[in-house]
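K.L.:
For reference, the file upload.txt (compact mmCIF, C-alpha atoms and all ligand atoms) is included below:
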# COMPACT_ATOMS: atom_id res chain seq x y z
CA MET A 1 53.61 139.47 16.30
CA THR A 2 56.75 138.73 18.28
CA ASN A 3 59.22 141.44 19.09
CA ALA A 4 62.06 139.05 19.92
CA THR A 5 63.49 135.76 18.72
CA LEU A 6 61.82 132.89 20.51
CA ASP A 7 64.01 130.00 21.61
CA ARG A 8 62.18 126.78 22.41
CA GLU A 9 65.15 125.55 24.44
CA LEU A 10 64.76 128.59 26.76
CA GLN A 11 60.96 128.63 26.90
CA ALA A 12 58.87 126.13 25.06
CA GLU A 13 55.46 127.54 25.91
CA TYR A 14 53.85 130.94 26.52
CA ASN A 15 50.50 131.34 28.28
CA LEU A 16 48.87 134.59 27.31
CA THR A 17 45.71 136.06 28.78
CA LEU A 18 43.81 138.43 26.47
CA VAL A 19 41.13 140.83 27.59
CA VAL A 20 38.64 142.25 25.14
CA ARG A 21 36.71 145.21 26.58
CA ASP A 22 33.95 147.27 24.95
CA GLN A 23 33.71 151.03 25.21
CA GLY A 24 30.24 151.16 26.79
CA ASP A 25 29.43 152.98 30.00
CA LEU A 26 29.22 149.75 31.82
CA SER A 27 32.21 148.20 30.22
CA LEU A 28 31.86 144.53 29.42
CA ALA A 29 34.89 142.36 28.92
CA VAL A 30 35.80 138.85 28.00
CA LEU A 31 38.98 137.00 29.04
CA LYS A 32 40.73 134.57 26.76
CA HIS A 33 43.66 132.33 27.66
CA LEU A 34 45.99 131.47 24.81
CA THR A 35 48.74 128.90 24.91
CA ILE A 36 51.49 129.38 22.38
CA CYS A 37 53.78 126.40 21.86
CA ILE A 38 57.12 127.08 20.21
CA SER A 39 57.83 124.33 17.73
CA ASP A 40 61.36 122.92 17.60
CA VAL A 41 63.88 123.57 14.90
CA ASN A 42 67.27 121.91 14.87
CA ASP A 43 69.31 124.86 16.08
CA ASN A 44 71.66 123.10 18.52
CA ALA A 45 74.59 120.90 17.65
CA PRO A 46 75.34 118.04 20.05
CA SER A 47 77.82 119.09 22.69
CA PHE A 48 80.30 116.77 24.42
CA GLU A 49 80.52 116.76 28.20
CA LYS A 50 84.30 117.17 28.06
CA ALA A 51 86.60 119.23 25.85
CA THR A 52 88.91 116.23 25.36
CA TYR A 53 88.91 112.65 26.57
CA GLU A 54 91.80 110.52 27.75
CA ALA A 55 92.09 106.78 28.18
CA ALA A 56 94.86 104.28 28.72
CA VAL A 57 95.35 100.69 27.68
CA ALA A 58 98.15 98.30 28.59
CA GLU A 59 100.07 96.93 25.65
CA ASN A 60 99.28 93.37 24.53
CA SER A 61 95.74 93.59 25.99
CA LYS A 62 93.38 91.11 24.43
CA ALA A 63 91.06 92.91 21.96
CA PRO A 64 88.37 94.05 21.85
CA ILE A 65 88.85 95.97 25.05
CA PHE A 66 86.60 98.67 26.48
CA LEU A 67 88.39 102.03 26.73
CA LEU A 68 85.91 104.70 27.81
CA THR A 69 82.45 106.16 27.21
CA VAL A 70 81.98 109.56 25.58
CA ARG A 71 78.72 111.45 26.01
CA ALA A 72 77.20 114.36 24.17
CA THR A 73 73.89 116.10 24.82
CA ASP A 74 71.56 117.95 22.49
CA PRO A 75 68.66 120.02 23.86
CA ASP A 76 66.56 119.82 20.69
CA LEU A 77 63.45 117.66 20.52
CA GLY A 78 63.01 114.24 18.96
CA PHE A 79 65.24 113.47 16.00
CA ASN A 80 66.72 116.95 16.29
CA GLY A 81 68.26 115.87 19.58
CA GLU A 82 68.95 112.22 18.85
CA ILE A 83 72.68 111.56 18.83
CA THR A 84 74.70 109.07 16.81
CA TYR A 85 78.42 108.61 17.54
CA SER A 86 81.08 107.70 15.02
CA ILE A 87 84.86 107.76 14.68
CA SER A 88 85.81 110.34 12.12
CA ASP A 89 89.52 109.61 11.78
CA SER A 90 90.31 107.22 8.97
CA SER A 91 93.76 106.79 10.53
CA ALA A 92 92.09 105.11 13.52
CA SER A 93 89.93 102.78 11.48
CA GLY A 94 90.58 99.18 12.38
CA LEU A 95 92.23 100.26 15.64
CA VAL A 96 89.24 101.58 17.58
CA SER A 97 85.46 101.50 17.27
CA ILE A 98 82.55 103.27 18.95
CA ASP A 99 79.03 102.10 19.74
CA PRO A 100 76.88 104.60 17.78
CA THR A 101 74.22 104.69 20.50
CA THR A 102 76.03 104.39 23.83
CA GLY A 103 79.31 106.14 22.99
CA ASP A 104 81.34 103.19 24.35
CA VAL A 105 84.78 103.19 22.71
CA PHE A 106 86.70 99.94 22.19
CA ALA A 107 90.19 99.03 21.02
CA LEU A 108 89.94 96.52 18.20
CA GLN A 109 93.48 95.25 18.42
CA ALA A 110 96.30 94.84 20.91
CA PHE A 111 98.86 97.62 20.91
CA ASP A 112 102.63 97.26 21.14
CA TYR A 113 104.08 100.00 23.35
CA GLU A 114 107.45 99.67 21.63
CA GLN A 115 105.73 100.55 18.33
CA VAL A 116 102.88 102.91 19.32
CA ARG A 117 102.95 104.83 22.60
CA SER A 118 99.82 106.88 22.05
CA LEU A 119 97.01 107.41 19.61
CA GLU A 120 94.81 110.44 19.04
CA PHE A 121 91.57 110.37 17.10
CA LEU A 122 88.32 112.31 16.71
CA VAL A 123 84.83 111.16 17.63
CA THR A 124 81.80 112.82 16.04
CA ALA A 125 78.38 113.24 17.63
CA GLU A 126 75.68 113.97 15.03
CA ASP A 127 72.00 114.64 15.58
CA GLY A 128 69.14 113.43 13.37
CA GLY A 129 67.82 116.82 12.26
CA HIS A 130 67.44 118.23 8.75
CA PRO A 131 70.06 119.32 8.16
CA LYS A 132 72.09 117.35 10.68
CA LEU A 133 74.34 119.19 13.11
CA ALA A 134 77.52 117.64 14.48
CA SER A 135 80.50 118.28 16.72
CA ASN A 136 83.84 116.57 17.27
CA VAL A 137 85.90 115.71 20.30
CA SER A 138 89.45 114.44 20.50
CA ILE A 139 90.35 111.24 22.34
CA ARG A 140 93.90 110.61 23.42
CA LEU A 141 94.71 106.98 24.09
CA ALA A 142 97.93 106.23 25.99
CA VAL A 143 99.47 102.80 25.59
CA LEU A 144 101.06 101.59 28.83
CA ASP A 145 104.31 99.64 28.88
CA ARG A 146 104.53 96.06 30.05
CA ASN A 147 107.71 94.12 30.65
CA ASP A 148 107.47 92.05 27.49
CA ASN A 149 111.07 92.23 26.30
CA ALA A 150 114.08 90.48 27.80
CA PRO A 151 117.46 92.24 27.89
CA VAL A 152 119.79 91.57 24.97
CA ILE A 153 123.57 91.70 25.35
CA ILE A 154 125.13 94.07 22.82
CA THR A 155 128.71 94.28 24.05
CA PRO A 156 130.78 92.19 24.03
CA VAL A 157 129.64 90.61 20.79
CA LEU A 158 128.54 87.09 21.54
CA VAL A 159 129.44 84.17 19.34
CA GLY A 160 127.43 81.08 20.11
CA GLY A 161 126.12 82.82 23.23
CA ALA A 162 129.58 83.61 24.62
CA ALA A 163 132.38 86.15 24.26
CA THR A 164 135.99 85.15 24.73
CA LEU A 165 138.48 87.48 26.36
CA SER A 166 142.12 86.66 26.86
CA VAL A 167 143.83 88.08 29.92
CA LEU A 168 147.60 87.83 29.83
CA VAL A 169 149.28 87.71 33.19
CA ASN A 170 152.94 88.42 33.73
CA VAL A 171 153.64 86.15 36.65
CA GLU A 172 156.81 88.04 37.65
CA THR A 173 155.48 91.60 37.66
CA GLY A 174 151.84 90.82 38.29
CA CYS A 175 150.72 93.10 35.42
CA PHE A 176 147.88 92.26 33.06
CA TRP A 177 147.03 92.66 29.42
CA VAL A 178 143.58 92.27 28.04
CA VAL A 179 143.18 90.93 24.55
CA PRO A 180 139.81 91.83 23.07
CA GLY A 181 138.02 89.53 20.70
CA ASN A 182 136.22 86.26 20.39
CA GLY A 183 139.10 83.84 20.61
CA SER A 184 140.26 84.85 17.14
CA THR A 185 143.02 87.11 18.48
CA GLN A 186 145.29 84.52 19.98
CA GLY A 187 149.03 84.44 19.54
CA THR A 188 151.79 86.99 19.69
CA ALA A 189 150.17 89.42 17.25
CA ALA A 190 147.34 89.85 19.65
CA VAL A 191 149.65 90.97 22.40
CA THR A 192 150.76 93.92 20.29
CA ASN A 193 147.17 95.13 20.02
CA ALA A 194 146.36 94.34 23.57
CA SER A 195 145.64 97.14 25.96
CA LEU A 196 147.80 97.34 29.01
CA VAL A 197 145.58 97.03 32.01
CA SER A 198 148.32 97.97 34.41
CA CYS A 199 149.23 96.56 37.73
CA ALA A 200 146.37 98.23 39.55
CA SER A 201 144.85 96.33 42.39
CA ALA A 202 141.59 95.78 40.50
CA PRO A 203 142.36 95.89 36.78
CA PHE A 204 139.43 96.64 34.52
CA LEU A 205 138.68 93.85 32.08
CA PHE A 206 135.63 94.76 30.02
CA THR A 207 132.19 96.30 30.16
CA ILE A 208 129.13 94.29 29.45
CA VAL A 209 126.33 96.31 27.83
CA ALA A 210 122.80 95.03 27.43
CA ARG A 211 119.74 96.77 26.08
CA ASP A 212 116.11 96.31 27.03
CA VAL A 213 113.62 98.14 24.84
CA ASP A 214 111.01 98.37 27.59
CA SER A 215 110.62 101.62 29.50
CA GLY A 216 111.18 102.71 33.08
CA VAL A 217 111.71 99.91 35.55
CA ASN A 218 110.79 97.39 32.83
CA GLY A 219 113.95 98.32 30.97
CA ALA A 220 116.29 99.25 33.84
CA LEU A 221 119.06 96.69 34.08
CA ARG A 222 121.29 95.15 36.72
CA TYR A 223 124.12 92.80 35.97
CA ASP A 224 124.83 89.69 37.99
CA LEU A 225 127.72 87.27 37.93
CA VAL A 226 125.86 83.99 38.02
CA GLY A 227 128.54 81.47 37.27
CA GLY A 228 132.20 80.68 36.69
CA ASP A 229 133.69 82.71 39.50
CA ASP A 230 134.01 80.12 42.22
CA ALA A 231 137.55 81.30 42.95
CA GLY A 232 136.45 84.92 43.48
CA LEU A 233 138.67 86.19 40.66
CA PHE A 234 136.22 88.72 39.25
CA THR A 235 134.10 91.58 40.48
CA LEU A 236 131.19 93.09 38.59
CA ASP A 237 129.63 96.50 39.02
CA PRO A 238 125.92 95.61 38.91
CA LEU A 239 124.81 98.94 37.43
CA LEU A 240 127.70 99.84 35.11
CA GLY A 241 128.36 96.28 33.96
CA GLN A 242 132.11 96.73 34.42
CA VAL A 243 134.03 93.57 35.16
CA PHE A 244 137.27 93.82 37.12
CA LEU A 245 139.92 91.31 37.94
CA ASN A 246 140.54 90.64 41.58
CA ALA A 247 144.31 90.98 41.29
CA SER A 248 145.23 89.57 44.67
CA ASN A 249 144.69 86.00 43.60
CA ALA A 250 144.95 86.49 39.84
CA SER A 251 148.32 84.86 39.35
CA SER A 252 146.49 81.58 39.62
CA LEU A 253 144.79 82.57 36.34
CA ALA A 254 147.99 81.88 34.38
CA GLY A 255 147.46 79.24 31.78
CA SER A 256 143.88 78.65 32.84
CA GLU A 257 140.55 79.26 31.11
CA ARG A 258 137.47 80.49 32.92
CA GLU A 259 133.93 80.58 31.71
CA LEU A 260 132.22 83.54 33.28
CA VAL A 261 128.44 83.84 33.11
CA VAL A 262 127.03 87.36 33.40
CA ARG A 263 123.32 87.89 33.23
CA PRO A 264 121.49 91.19 32.84
CA ARG A 265 118.16 91.31 34.61
CA ILE A 266 115.41 93.69 35.67
CA PRO A 267 115.81 94.73 39.33
CA GLY A 268 113.37 92.64 41.31
CA GLY A 269 112.68 90.57 38.22
CA CA B 301 70.18 119.33 17.53
CA CA B 302 105.80 95.18 23.29
CA CA B 303 107.10 96.71 26.75
CA CA B 304 112.16 94.25 29.83
Translate the structure described by the file into structure tokens.

P.N.:
Amino acid sequence: MTNATLDRELQAEYNLTLVVRDQGDLSLAVLKHLTICISDVNDNAPSFEKATYEAAVAENSKAPIFLLTVRATDPDLGFNGEITYSISDSSASGLVSIDPTTGDVFALQAFDYEQVRSLEFLVTAEDGGHPKLASNVSIRLAVLDRNDNAPVIITPVLVGGAATLSVLVNVETGCFWVVPGNGSTQGTAAVTNASLVSCASAPFLFTIVARDVDSGVNGALRYDLVGGDDAGLFTLDPLLGQVFLNASNASSLAGSERELVVRPRIPGG
């Protein structure tokens, strides 16, 4: 009889020594050694080495790509402790896979950071007992940004790759008017709608706005004047994208047409 629950995982074997003694005057005895082996039952579920797992993959990586290895242990014997891994989230099917024996996790397709920044799914470790016991662990996969998008100019609206801006110069007073538009606002009517830029020493002309859907430094923009300003008539704030007229020699603008090329770029790119 046992007076406690025996756990094979704590002690698999008991060695007992029995003595049988008679009641005679010269007591005779016999010793008997008994080995009791505790047979295994499947009473332990597999247990993962970590509470959660994290991995990272750069966007546009060529699939399949190895992400990480998960590992679970099971102290039971034989099939009761034999572990098979699987991915239990149907939402992750087709995106990731796991080697059922080694626990190696792979991405099955390239990720686009601008579409999916992270992915979370569950992995199951199941033993081979009857009945089977299983446990789950969560894997968080972070997608890392790459600079895979060029800046796009939003303002001013480009027509055929260019925006046209008319700057009216009063030669006598030296004051300026800016006529917004794409060359469609020429003539006297346009002057009525034009905004007075004043006679300030560096009149503001327009702001160029570009957008880059990448993140961090991959999407941080600087603006450069790369052409059309040989005469030094314009200044550009590289961070704000504001273009100013250099008024001191602007009177030479009268009646002329300048093609100014502004390019947004990634700093250092
Ligand atoms: Ca087990
Ligand atoms: Ca992308
Ligand atoms: Ca990107
Ligand atoms: Ca970019």

K.L.:
Within 7 Å of ligand CA 301 (chain B), counting all atoms listed in the file, which protein or nucleic acid residues do you find, written as number ranges by chain?

P.N.:
A: 42-46, 74-76, 80-81, 127, 129, 133

K.L.:
Quote the spacing between CA of Ile266 (chain A) and atom CA of ligand CA 304 (chain B) in Å to one decimal place.

P.N.:
6.7 Å

K.L.:
With distances taken over only C-alpha atoms, which of A:Val213, A:Leu233, A:Val96, A:Leu77 is nearest to Ala150 (chain A)?

P.N.:
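So, comparing all the options, the nearest one is A:Val213.
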
K.L.:
Using all atoms listed in the file, which residue out of A:Gly216, A:Pro267, A:Pro238, A:Gly227 lies closest to ligand CA 303 (chain B)?

P.N.:
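Answer, going by the shortest atom-to-atom distance: A:Gly216.
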
K.L.:
CA of Leu239 (chain A) and atom CA of ligand CA 302 (chain B) are how many Å apart?

P.N.:
24.0 Å
